[in-house]
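Trainee: Dropping in start_23.txt, which is compact mmCIF, C-alpha atoms:
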# COMPACT_ATOMS: atom_id res chain seq x y z
CA MET Z 3 88.11 95.63 129.38
CA LYS Z 4 91.54 94.80 130.72
CA THR Z 5 90.71 91.08 130.55
CA LYS Z 6 89.71 91.51 126.93
CA LEU Z 7 93.06 93.08 126.11
CA ILE Z 8 94.94 90.35 127.95
CA THR Z 9 92.94 87.66 126.14
CA LEU Z 10 93.57 89.20 122.75
CA THR Z 11 97.25 89.61 123.51
CA ALA Z 12 97.42 85.97 124.59
CA VAL Z 13 95.73 84.89 121.38
CA ALA Z 14 98.18 86.97 119.41
CA ILE Z 15 101.24 85.68 121.21
CA SER Z 16 100.13 82.08 120.87
CA THR Z 17 99.72 82.57 117.14
CA LEU Z 18 103.26 83.94 116.95
CA ALA Z 19 104.55 80.45 117.64
CA VAL Z 20 102.92 78.93 114.59
CA ALA Z 21 103.22 80.41 111.12
CA ASP Z 22 100.24 81.21 108.93
CA VAL Z 23 97.57 78.92 110.40
CA ASN Z 24 94.58 78.75 108.03
CA ALA Z 25 95.72 81.98 106.47
CA GLY Z 26 94.65 83.28 103.08
CA SER Z 27 97.03 83.47 100.18
CA ARG Z 28 97.75 87.18 99.80
CA LEU Z 29 101.27 88.35 100.55
CA ILE Z 30 102.25 89.25 104.11
CA ALA Z 31 101.26 92.76 105.26
CA THR Z 32 98.76 93.25 102.41
CA SER Z 33 96.01 92.91 105.05
CA GLY Z 34 96.84 96.36 106.28
CA VAL Z 35 96.00 96.95 109.93
CA THR Z 36 92.62 97.84 111.46
CA GLN Z 37 91.55 101.48 111.71
CA LEU Z 38 89.67 103.14 114.59
CA GLU Z 39 86.25 102.39 113.09
CA GLY Z 40 86.95 98.74 112.24
CA GLY Z 41 87.88 98.88 108.56
CA ALA Z 42 91.07 97.50 107.06
CA GLY Z 43 93.50 100.34 106.51
CA GLY Z 44 95.96 102.26 108.45
CA GLY Z 45 95.25 103.04 112.08
CA LEU Z 46 93.25 106.21 111.52
CA THR Z 47 91.84 105.82 108.05
CA PRO Z 48 90.32 103.07 105.88
CA TRP Z 49 92.29 101.97 102.82
CA ALA Z 50 91.21 100.30 99.59
CA VAL Z 51 92.66 96.99 100.86
CA ILE Z 52 90.23 94.28 101.95
CA SER Z 53 90.68 92.86 105.48
CA GLY Z 54 92.68 89.70 106.05
CA TYR Z 55 94.59 87.72 103.45
CA ALA Z 56 91.81 86.18 101.36
CA ASP Z 57 92.36 86.24 97.60
CA GLU Z 58 90.00 85.09 94.83
CA GLY Z 59 87.53 82.48 96.14
CA GLU Z 60 88.87 82.66 99.71
CA TYR Z 61 87.34 84.19 102.83
CA SER Z 62 88.83 85.70 105.96
CA ILE Z 63 87.66 86.28 109.53
CA GLY Z 64 89.41 88.52 112.04
CA ALA Z 65 89.17 90.41 115.31
CA PHE Z 66 90.95 93.42 116.67
CA HIS Z 67 91.51 95.58 119.72
CA THR Z 68 92.77 99.15 119.73
CA SER Z 69 93.58 101.35 122.66
CA THR Z 70 94.55 105.02 122.63
CA ASP Z 71 95.40 106.95 125.77
CA VAL Z 72 95.75 110.73 125.66
CA GLN Z 73 95.80 113.29 128.46
CA ASP Z 74 92.07 113.67 129.12
CA PHE Z 75 90.56 110.73 127.23
CA ARG Z 76 90.89 107.03 126.59
CA LEU Z 77 89.48 105.28 123.57
CA LYS Z 78 89.14 101.52 123.38
CA VAL Z 79 87.81 99.80 120.30
CA ASN Z 80 86.95 96.10 119.92
CA GLY Z 81 85.63 94.56 116.77
CA VAL Z 82 85.42 91.83 114.17
CA SER Z 83 85.63 91.72 110.41
CA ALA Z 84 85.08 89.27 107.59
CA SER Z 85 85.96 89.40 103.93
CA TYR Z 86 85.43 87.34 100.79
CA ASP Z 87 87.23 87.04 97.47
CA ASN Z 88 89.49 90.03 98.17
CA ARG Z 89 86.42 91.92 97.04
CA PHE Z 90 84.03 92.55 99.91
CA GLU Z 91 84.58 93.38 103.57
CA ILE Z 92 82.18 93.80 106.49
CA SER Z 93 83.06 94.88 110.01
CA ALA Z 94 81.50 95.64 113.36
CA ALA Z 95 83.20 97.69 116.06
CA LEU Z 96 82.38 99.04 119.48
CA GLN Z 97 84.14 102.21 120.56
CA SER Z 98 84.27 103.03 124.29
CA PHE Z 99 85.34 106.57 124.99
CA GLU Z 100 86.28 107.47 128.55
CA ILE Z 101 86.46 111.08 129.66
CA LYS Z 102 88.68 111.93 132.58
CA GLY Z 103 86.56 112.76 135.63
CA VAL Z 104 83.29 111.74 134.00
CA ALA Z 105 81.54 108.56 135.12
CA GLY Z 106 80.53 106.09 132.43
CA ASP Z 107 81.84 105.33 128.96
CA LEU Z 108 80.53 106.98 125.86
CA ARG Z 109 79.90 104.13 123.45
CA GLN Z 110 79.41 104.03 119.70
CA GLU Z 111 78.70 101.03 117.47
CA ILE Z 112 80.03 101.10 113.92
CA TYR Z 113 78.99 98.72 111.17
CA GLY Z 114 81.13 98.94 108.07
CA ALA Z 115 81.05 97.55 104.55
CA LYS Z 116 83.62 98.00 101.81
CA TYR Z 117 83.71 96.92 98.17
CA ARG Z 118 86.81 96.77 96.02
CA ILE Z 119 85.88 98.39 92.74
CA TYR Z 120 89.10 98.14 90.80
CA GLY Z 121 92.67 96.99 90.75
CA ASP Z 122 95.33 95.36 92.85
CA ALA Z 123 97.45 97.58 95.08
CA ILE Z 124 100.62 95.73 94.08
CA TYR Z 125 100.09 94.47 90.55
CA SER Z 126 97.87 96.87 88.65
CA ALA Z 127 99.37 100.00 87.14
CA LEU Z 128 96.63 102.16 88.61
CA PRO Z 129 95.82 102.09 92.33
CA GLN Z 130 93.42 99.66 93.96
CA VAL Z 131 90.15 101.50 94.52
CA ALA Z 132 87.38 100.70 96.99
CA ALA Z 133 84.24 102.37 98.29
CA GLY Z 134 82.79 101.93 101.74
CA ILE Z 135 80.19 103.01 104.24
CA GLN Z 136 80.26 103.19 108.03
CA TYR Z 137 76.94 103.22 109.83
CA LYS Z 138 77.45 104.69 113.29
CA ARG Z 139 75.08 104.44 116.24
CA LEU Z 140 75.73 106.34 119.43
CA LEU Z 141 74.61 104.32 122.46
CA ASP Z 142 75.17 107.18 124.89
CA GLY Z 143 74.03 110.40 123.24
CA ASP Z 144 73.55 112.69 126.25
CA ILE Z 145 76.89 114.41 125.86
CA ALA Z 146 76.34 114.83 122.11
CA ASP Z 147 73.03 116.53 122.88
CA ALA Z 148 74.63 118.72 125.52
CA VAL Z 149 77.37 119.99 123.17
CA GLY Z 150 74.95 120.95 120.43
CA ALA Z 151 75.03 118.03 118.01
CA GLU Z 152 72.30 118.07 115.38
CA ASP Z 153 71.74 114.33 115.76
CA SER Z 154 72.78 112.25 118.74
CA ASP Z 155 71.48 108.88 117.50
CA SER Z 156 73.16 107.81 114.30
CA GLY Z 157 75.04 108.86 111.21
CA ILE Z 158 76.51 107.34 108.07
CA ASP Z 159 79.96 108.03 106.59
CA TYR Z 160 80.68 107.30 102.93
CA TYR Z 161 84.20 107.01 101.57
CA VAL Z 162 86.27 106.20 98.54
CA SER Z 163 89.88 105.02 98.93
CA ALA Z 164 92.79 104.48 96.58
CA THR Z 165 95.81 102.43 97.63
CA LYS Z 166 99.01 101.80 95.67
CA VAL Z 167 102.18 99.91 96.46
CA HIS Z 168 105.25 101.01 94.52
CA LEU Z 169 107.69 98.12 94.59
CA ALA Z 170 111.28 98.97 95.53
CA ALA Z 171 110.43 102.64 94.94
CA VAL Z 172 112.17 104.35 97.86
CA ALA Z 173 115.87 103.48 97.83
CA GLY Z 174 114.90 99.88 97.11
CA TYR Z 175 112.17 99.69 99.75
CA HIS Z 176 108.51 99.15 98.93
CA PHE Z 177 106.41 102.29 99.31
CA LEU Z 178 102.64 102.40 99.92
CA TRP Z 179 100.31 105.36 99.82
CA ASN Z 180 96.60 105.65 100.41
CA ALA Z 181 94.24 108.52 99.81
CA THR Z 182 90.70 108.48 101.14
CA LEU Z 183 87.91 110.98 100.68
CA ARG Z 184 85.17 110.73 103.29
CA ALA Z 185 81.75 112.35 103.29
CA THR Z 186 80.72 112.72 106.92
CA GLN Z 187 78.67 114.66 109.43
CA ALA Z 188 80.37 113.05 112.44
CA ASN Z 189 81.79 115.08 115.32
CA GLN Z 190 84.93 113.35 116.66
CA MET Z 191 84.15 110.27 114.52
CA GLY Z 192 80.56 110.37 115.88
CA LEU Z 193 81.36 110.14 119.59
CA LEU Z 194 80.00 113.70 119.93
CA GLY Z 195 77.12 113.07 117.56
CA TYR Z 196 76.51 113.98 113.93
CA GLY Z 197 76.26 117.51 112.57
CA GLY Z 198 76.25 120.64 114.67
CA ASP Z 199 75.13 124.23 115.01
CA ASP Z 200 78.00 125.55 112.85
CA GLU Z 201 77.59 122.96 110.09
CA SER Z 202 74.82 120.40 110.00
CA GLY Z 203 75.34 118.78 106.59
CA TYR Z 204 77.90 116.49 105.01
CA THR Z 205 81.41 117.76 104.33
CA LEU Z 206 84.18 116.06 102.35
CA GLN Z 207 87.29 115.24 104.36
CA PRO Z 208 90.61 113.98 102.95
CA GLU Z 209 92.67 111.32 104.73
CA VAL Z 210 96.15 110.21 103.63
CA SER Z 211 98.65 107.56 104.67
CA ALA Z 212 102.16 106.69 103.51
CA LEU Z 213 104.58 104.01 104.60
CA VAL Z 214 107.73 102.16 103.69
CA LEU Z 215 108.26 98.45 104.31
CA LEU Z 216 111.63 98.08 105.99
CA THR Z 217 111.30 94.31 105.60
CA ASP Z 218 108.46 92.20 104.17
CA ASP Z 219 106.77 92.24 107.59
CA LEU Z 220 107.67 95.60 109.16
CA ALA Z 221 106.18 98.93 108.09
CA LEU Z 222 107.00 102.45 109.16
CA GLY Z 223 104.63 105.24 108.22
CA ALA Z 224 102.56 108.31 108.89
CA GLU Z 225 98.91 109.26 108.57
CA TYR Z 226 96.75 112.35 108.46
CA ARG Z 227 92.98 112.50 108.79
CA LYS Z 228 91.12 115.76 108.37
CA LYS Z 229 87.86 116.03 110.30
CA PRO Z 230 84.83 118.32 110.20
CA ASP Z 231 84.43 121.20 112.67
CA ASN Z 232 80.66 121.30 113.12
CA LEU Z 233 80.19 122.41 116.72
CA SER Z 234 80.36 126.04 117.79
CA ALA Z 235 81.16 124.99 121.37
CA PHE Z 236 84.51 123.33 120.51
CA ASP Z 237 87.18 123.38 117.87
CA GLU Z 238 87.80 120.02 116.24
CA ASP Z 239 91.25 119.27 114.80
CA SER Z 240 92.62 116.70 112.39
CA PHE Z 241 94.17 113.44 113.60
CA SER Z 242 97.70 112.43 112.68
CA ASP Z 243 100.11 109.70 113.70
CA LEU Z 244 103.47 108.04 113.15
CA PHE Z 245 103.32 104.27 113.30
CA VAL Z 246 105.24 101.02 113.27
CA ALA Z 247 103.31 97.94 112.17
CA TRP Z 248 104.67 94.42 112.52
CA PHE Z 249 103.27 91.34 110.77
CA PRO Z 250 105.08 88.36 112.35
CA ASN Z 251 102.83 86.05 110.31
CA LYS Z 252 99.47 86.15 108.51
CA ASN Z 253 97.52 85.56 111.72
CA VAL Z 254 98.50 88.66 113.64
CA ASN Z 255 99.50 92.28 113.39
CA LEU Z 256 100.80 94.52 116.16
CA THR Z 257 100.77 98.27 115.60
CA LEU Z 258 102.23 100.96 117.81
CA ALA Z 259 101.73 104.62 117.02
CA TYR Z 260 102.24 108.04 118.44
CA ALA Z 261 99.01 109.90 117.75
CA ASP Z 262 98.23 113.61 117.81
CA LEU Z 263 94.47 113.99 118.20
CA GLY Z 264 94.47 117.77 118.64
CA SER Z 265 91.66 119.49 120.45
CA ILE Z 266 88.86 117.24 121.74
CA ALA Z 267 85.74 118.69 123.44
CA GLY Z 268 87.60 121.72 124.67
CA SER Z 269 90.77 119.92 125.83
CA GLU Z 270 93.67 121.15 123.73
CA ASP Z 271 96.71 119.24 122.43
CA GLN Z 272 95.64 115.71 123.14
CA ASP Z 273 98.40 113.29 122.18
CA GLY Z 274 99.67 109.90 123.26
CA PHE Z 275 100.35 106.31 122.31
CA TYR Z 276 98.12 104.12 120.24
CA PHE Z 277 98.31 100.34 120.38
CA SER Z 278 96.43 97.96 118.16
CA ILE Z 279 96.36 94.25 117.63
CA SER Z 280 94.59 92.47 114.78
CA SER Z 281 94.21 88.71 114.49
CA TRP Z 282 93.00 86.75 111.50
CA PHE Z 283 91.79 83.26 112.27
CA LYS Z 284 91.02 82.34 108.70
CA MET N 21 122.63 109.59 100.65
CA ILE N 22 121.09 112.73 99.14
CA LYS N 23 118.83 110.52 97.07
CA LYS N 24 117.78 108.66 100.20
CA LEU N 25 117.03 111.88 102.06
CA THR N 26 115.04 113.21 99.12
CA CYS N 27 113.00 110.04 99.18
CA ILE N 28 112.32 110.29 102.89
CA ALA N 29 111.35 113.94 102.55
CA ALA N 30 109.09 113.01 99.64
CA LEU N 31 107.47 110.27 101.69
CA PHE N 32 106.41 112.65 104.39
CA THR N 33 105.11 115.28 102.06
CA GLY N 34 102.96 112.64 100.43
CA LEU N 35 104.74 112.87 97.13
CA ALA N 36 106.79 109.95 96.08
CA CYS N 37 110.14 109.76 94.44
CA PHE N 38 109.18 106.74 92.42
CA ASN N 39 111.74 105.47 90.04
CA VAL N 40 114.46 107.77 91.30
CA ALA N 41 116.42 104.62 92.06
CA GLN N 42 115.00 102.96 88.96
CA ALA N 43 118.23 101.90 87.30
CA ASP N 44 117.57 98.21 86.74
CA ASP N 45 121.11 97.31 87.52
CA TYR N 46 121.30 95.39 90.75
CA TYR N 47 123.01 92.22 89.55
CA GLN N 48 125.95 92.84 91.89
CA GLU N 49 123.51 93.56 94.74
CA LEU N 50 122.02 90.10 94.14
CA GLY N 51 125.53 88.71 94.57
CA GLY N 52 126.48 88.43 90.89
CA LYS N 53 126.66 85.03 89.20
CA GLU N 54 127.19 83.16 92.44
CA GLY N 55 124.36 85.00 94.20
CA VAL N 56 121.85 84.41 91.41
CA GLU N 57 122.78 80.70 91.21
CA LYS N 58 122.27 80.38 94.94
CA ILE N 59 118.87 82.10 94.78
CA VAL N 60 117.76 79.83 91.92
CA ASP N 61 119.00 76.67 93.67
CA ASN N 62 117.17 77.67 96.86
CA PHE N 63 114.08 78.58 94.84
CA ILE N 64 113.94 75.17 93.12
CA ASN N 65 114.48 73.55 96.51
CA GLU N 66 111.59 75.52 98.04
CA ILE N 67 109.34 74.58 95.12
CA SER N 68 110.22 70.91 95.45
CA PHE N 69 109.04 70.93 99.08
CA ASP N 70 105.74 72.74 98.42
CA GLN N 71 102.97 70.22 97.79
CA ASN N 72 100.68 72.70 96.06
CA ILE N 73 103.32 74.05 93.71
CA VAL N 74 105.56 71.09 92.89
CA LYS N 75 102.74 69.52 90.84
CA PHE N 76 103.24 72.18 88.17
CA PHE N 77 106.78 70.93 87.62
CA GLU N 78 106.02 67.26 86.97
CA GLY N 79 107.93 66.26 83.87
CA THR N 80 109.94 69.48 83.88
CA ASP N 81 113.61 69.23 82.91
CA ILE N 82 115.03 70.70 86.13
CA THR N 83 118.51 71.28 84.68
CA ARG N 84 116.99 73.40 81.92
CA LEU N 85 114.64 75.16 84.34
CA ARG N 86 117.62 76.07 86.53
CA GLU N 87 119.58 77.39 83.52
CA LYS N 88 116.67 79.50 82.24
CA LEU N 89 115.84 80.92 85.68
CA ILE N 90 119.48 81.92 86.18
CA GLU N 91 119.47 83.60 82.75
CA GLN N 92 116.21 85.37 83.51
CA PHE N 93 117.17 86.70 86.96
CA CYS N 94 120.61 87.69 85.63
CA HIS N 95 119.09 89.51 82.66
CA GLU N 96 116.36 91.23 84.71
CA SER N 97 118.91 92.51 87.23
CA GLY N 98 121.11 94.00 84.54
CA GLY N 99 123.68 91.20 84.50
CA PRO N 100 125.60 89.99 81.41
CA CYS N 101 123.04 87.41 80.27
CA GLU N 102 120.36 86.96 77.65
CA TYR N 103 117.17 85.09 78.48
CA THR N 104 116.87 82.33 75.89
CA GLY N 105 113.83 80.58 77.33
CA ASP N 106 110.25 80.63 76.12
CA SER N 107 107.92 83.55 76.81
CA MET N 108 106.16 83.57 80.17
CA LYS N 109 102.83 83.17 78.37
CA ASP N 110 104.00 80.04 76.53
CA VAL N 111 105.66 78.52 79.59
CA HIS N 112 102.49 78.83 81.69
CA ALA N 113 99.94 78.06 78.97
CA GLY N 114 97.23 75.65 80.10
CA MET N 115 98.42 75.59 83.70
CA LYS N 116 95.47 77.64 84.99
CA ILE N 117 97.59 79.11 87.77
CA THR N 118 95.47 80.89 90.40
CA LYS N 119 96.36 84.14 92.14
CA ALA N 120 96.87 82.09 95.32
CA GLU N 121 99.39 79.82 93.59
CA PHE N 122 101.16 82.81 92.09
CA ASN N 123 101.40 84.46 95.52
CA ARG N 124 102.75 81.22 96.97
CA VAL N 125 105.55 81.15 94.40
CA VAL N 126 106.41 84.76 95.27
CA GLU N 127 106.68 83.66 98.91
CA LEU N 128 108.92 80.74 97.92
CA LEU N 129 111.17 83.12 95.98
CA GLN N 130 111.32 85.45 99.00
CA ALA N 131 112.26 82.51 101.21
CA ALA N 132 114.92 81.48 98.69
CA MET N 133 116.40 84.98 98.71
CA ASP N 134 116.30 85.13 102.53
CA ASP N 135 118.23 81.86 102.66
CA ALA N 136 120.73 83.16 100.12
CA GLY N 137 121.33 86.23 102.31
CA THR N 138 120.13 88.57 99.55
CA PRO N 139 119.80 92.14 100.88
CA GLN N 140 116.20 93.35 101.30
CA THR N 141 116.54 96.11 98.70
CA ALA N 142 117.89 93.68 96.08
CA GLN N 143 115.06 91.27 96.89
CA ASN N 144 112.57 94.08 96.40
CA ARG N 145 114.12 95.07 93.07
CA LEU N 146 113.95 91.54 91.72
CA ILE N 147 110.30 91.32 92.80
CA ARG N 148 109.66 94.62 91.02
CA SER N 149 111.30 93.30 87.84
CA LEU N 150 109.26 90.09 87.87
CA ALA N 151 105.89 91.53 88.97
CA PRO N 152 104.86 92.79 85.49
CA MET N 153 104.99 89.16 84.24
CA ARG N 154 102.00 88.24 86.42
CA PRO N 155 99.31 88.79 83.73
CA ASP N 156 101.16 86.32 81.46
CA ILE N 157 101.40 83.72 84.24
CA ILE N 158 98.04 83.58 86.03
CA HIS N 159 94.79 82.28 84.58
CA GLN N 160 96.45 80.98 81.39
Show how you would write the structure in this file as structure tokens.
Mentor:
Amino acid sequence: MKTKLITLTAVAISTLAVADVNAGSRLIATSGVTQLEGGAGGGLTPWAVISGYADEGEYSIGAFHTSTDVQDFRLKVNGVSASYDNRFEISAALQSFEIKGVAGDLRQEIYGAKYRIYGDAIYSALPQVAAGIQYKRLLDGDIADAVGAEDSDSGIDYYVSATKVHLAAVAGYHFLWNATLRATQANQMGLLGYGGDDESGYTLQPEVSALVLLTDDLALGAEYRKKPDNLSAFDEDSFSDLFVAWFPNKNVNLTLAYADLGSIAGSEDQDGFYFSISSWFK
Amino acid sequence: MIKKLTCIAALFTGLACFNVAQADDYYQELGGKEGVEKIVDNFINEISFDQNIVKFFEGTDITRLREKLIEQFCHESGGPCEYTGDSMKDVHAGMKITKAEFNRVVELLQAAMDDAGTPQTAQNRLIRSLAPMRPDIIHQ
């Protein structure tokens, strides 16, 4: 895992030296970053933006690594994404969740697809709107079974997102907001299974992000992601973070965040740093 | 300062303070006459070095282009000028400009403003003023 991180960092640093190799034509930073489940967005939540920089008739291919360390848990996510025509995005991600004192990772695969329905986040008067799904498959479901999950094999999230950039709107700085509504059964994104003894069905969860661009390639923002609370054994809290995202060129993004993940599987007040790197090769 | 704080507070409550700083009067922030001329000169220079964009300017009277761009940027930023050029739709008719080419020209303008030392907020305001022209420029 460490080698993977070092490799990705090396790839990223080497791309820093050369500007915009094979990059698509959209403006810098309009790729967004990559969220915990592999979709283009903020760090926690998918946005209506389509991954990479491809505009009409262009395609994009990218990879990412995200690592979050909190007191009792570590989450590492590796994945890839592709997009076409600034219209359609697919992604695949593998989450590895490590629990302090417990042998073996808890792994979940997530396959995502997103379709831009309407608009352009910058140029249309109304927000850019997209709809997406995330198919989640838990590879290690024993813990999910043990904590009372209804289903420890797989689940599907459905979401709709709206993203809007308001040019020069905050004291002359560009302002972006995103609002996402997700229908989900997942406990802790699915790492603890899908549905529970308190609530087994789908619930609607809001997720919001806001940022300002301090320069064309540096964003400062905050996010909030509400989550279900399906299990009687544990309380589940919302996620939130404060982040800085840097886009040195169209081939790489580096994001650093301070994330508050709340209560996870009985461990209260889990917070810590979040680091993510996304690379776009085309 | 109060306005700035209000905006920051609004940002974190998820409400925006759009258009609070709307006043389209940032000509001085662009550097006045001298600043706008420098931006336009840099912009034309950037265009002339971009192989995918320069083709649209074959046969263009560059002296006139420079004059009209200066008028336009001056007018849009609230400066003491009238834009006397043709409409954006007429200027770009038949060019079949793609979104990619449009984005590239935005990048060239940003580079031109960077080179002119234009403050970020003034750059952003000029981009905001010009952005609504996009439907009259692309796919014509």
Trainee: Counting all atoms listed in the file, what is within 12 Å of range 116-125 of chain N, bar same-chain residues fewer than 6 positions away, as a PyMOL selection string?
Mentor: (chain Z and resi 25-30+32+55-60+87-88+122+124-125) or (chain N and resi 63-76+109+131-132+147+150-151+153-160)
Trainee: For chain Z, report every residue with an atom at most 10 Å from chain N (counting only C-alpha atoms), formatted as a PyMOL selection string.
Mentor: chain Z and resi 26-30+56-60+124-127+168-181+210-218+223-225
Trainee: So which residues touch range 45-51 of chain N within 7 Å, counting all atoms listed in the file, skipping near sequence neighbours fewer than 6 positions away, as a list in words?
Mentor: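 Listed by chain and then number, they are Cys94, Ser97, Gly98, Gly99, Thr138 and Ala142 of chain N.
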Trainee: May I ask which of the residues Z:Ala164, Z:Leu220, Z:Leu193, Z:Ala151 is the closest one to Ser234 in chain Z, counting all atoms listed in the file?
Mentor: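 The shortest atom-to-atom distance to Ser234 in chain Z comes from Z:Ala151.
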Trainee: For CA of Tyr226 in chain Z and CA of Thr68 in chain Z, quote the distance in Å rounded to one decimal.
Mentor: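 Value for the CA of Tyr226 in chain Z-CA of Thr68 in chain Z distance: 17.8 Å.
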Trainee: Kindly compute an axis-aligned box around the listed atoms of range 261-270 of chain Z, allowing 8 Å on each side, and express its centre and edge lengths in Å to one decimal as lines of an AutoDock Vina configuration file.
Mentor:
center_x = 92.4
center_y = 115.8
center_z = 121.8
size_x = 29.3
size_y = 27.8
size_z = 24.1
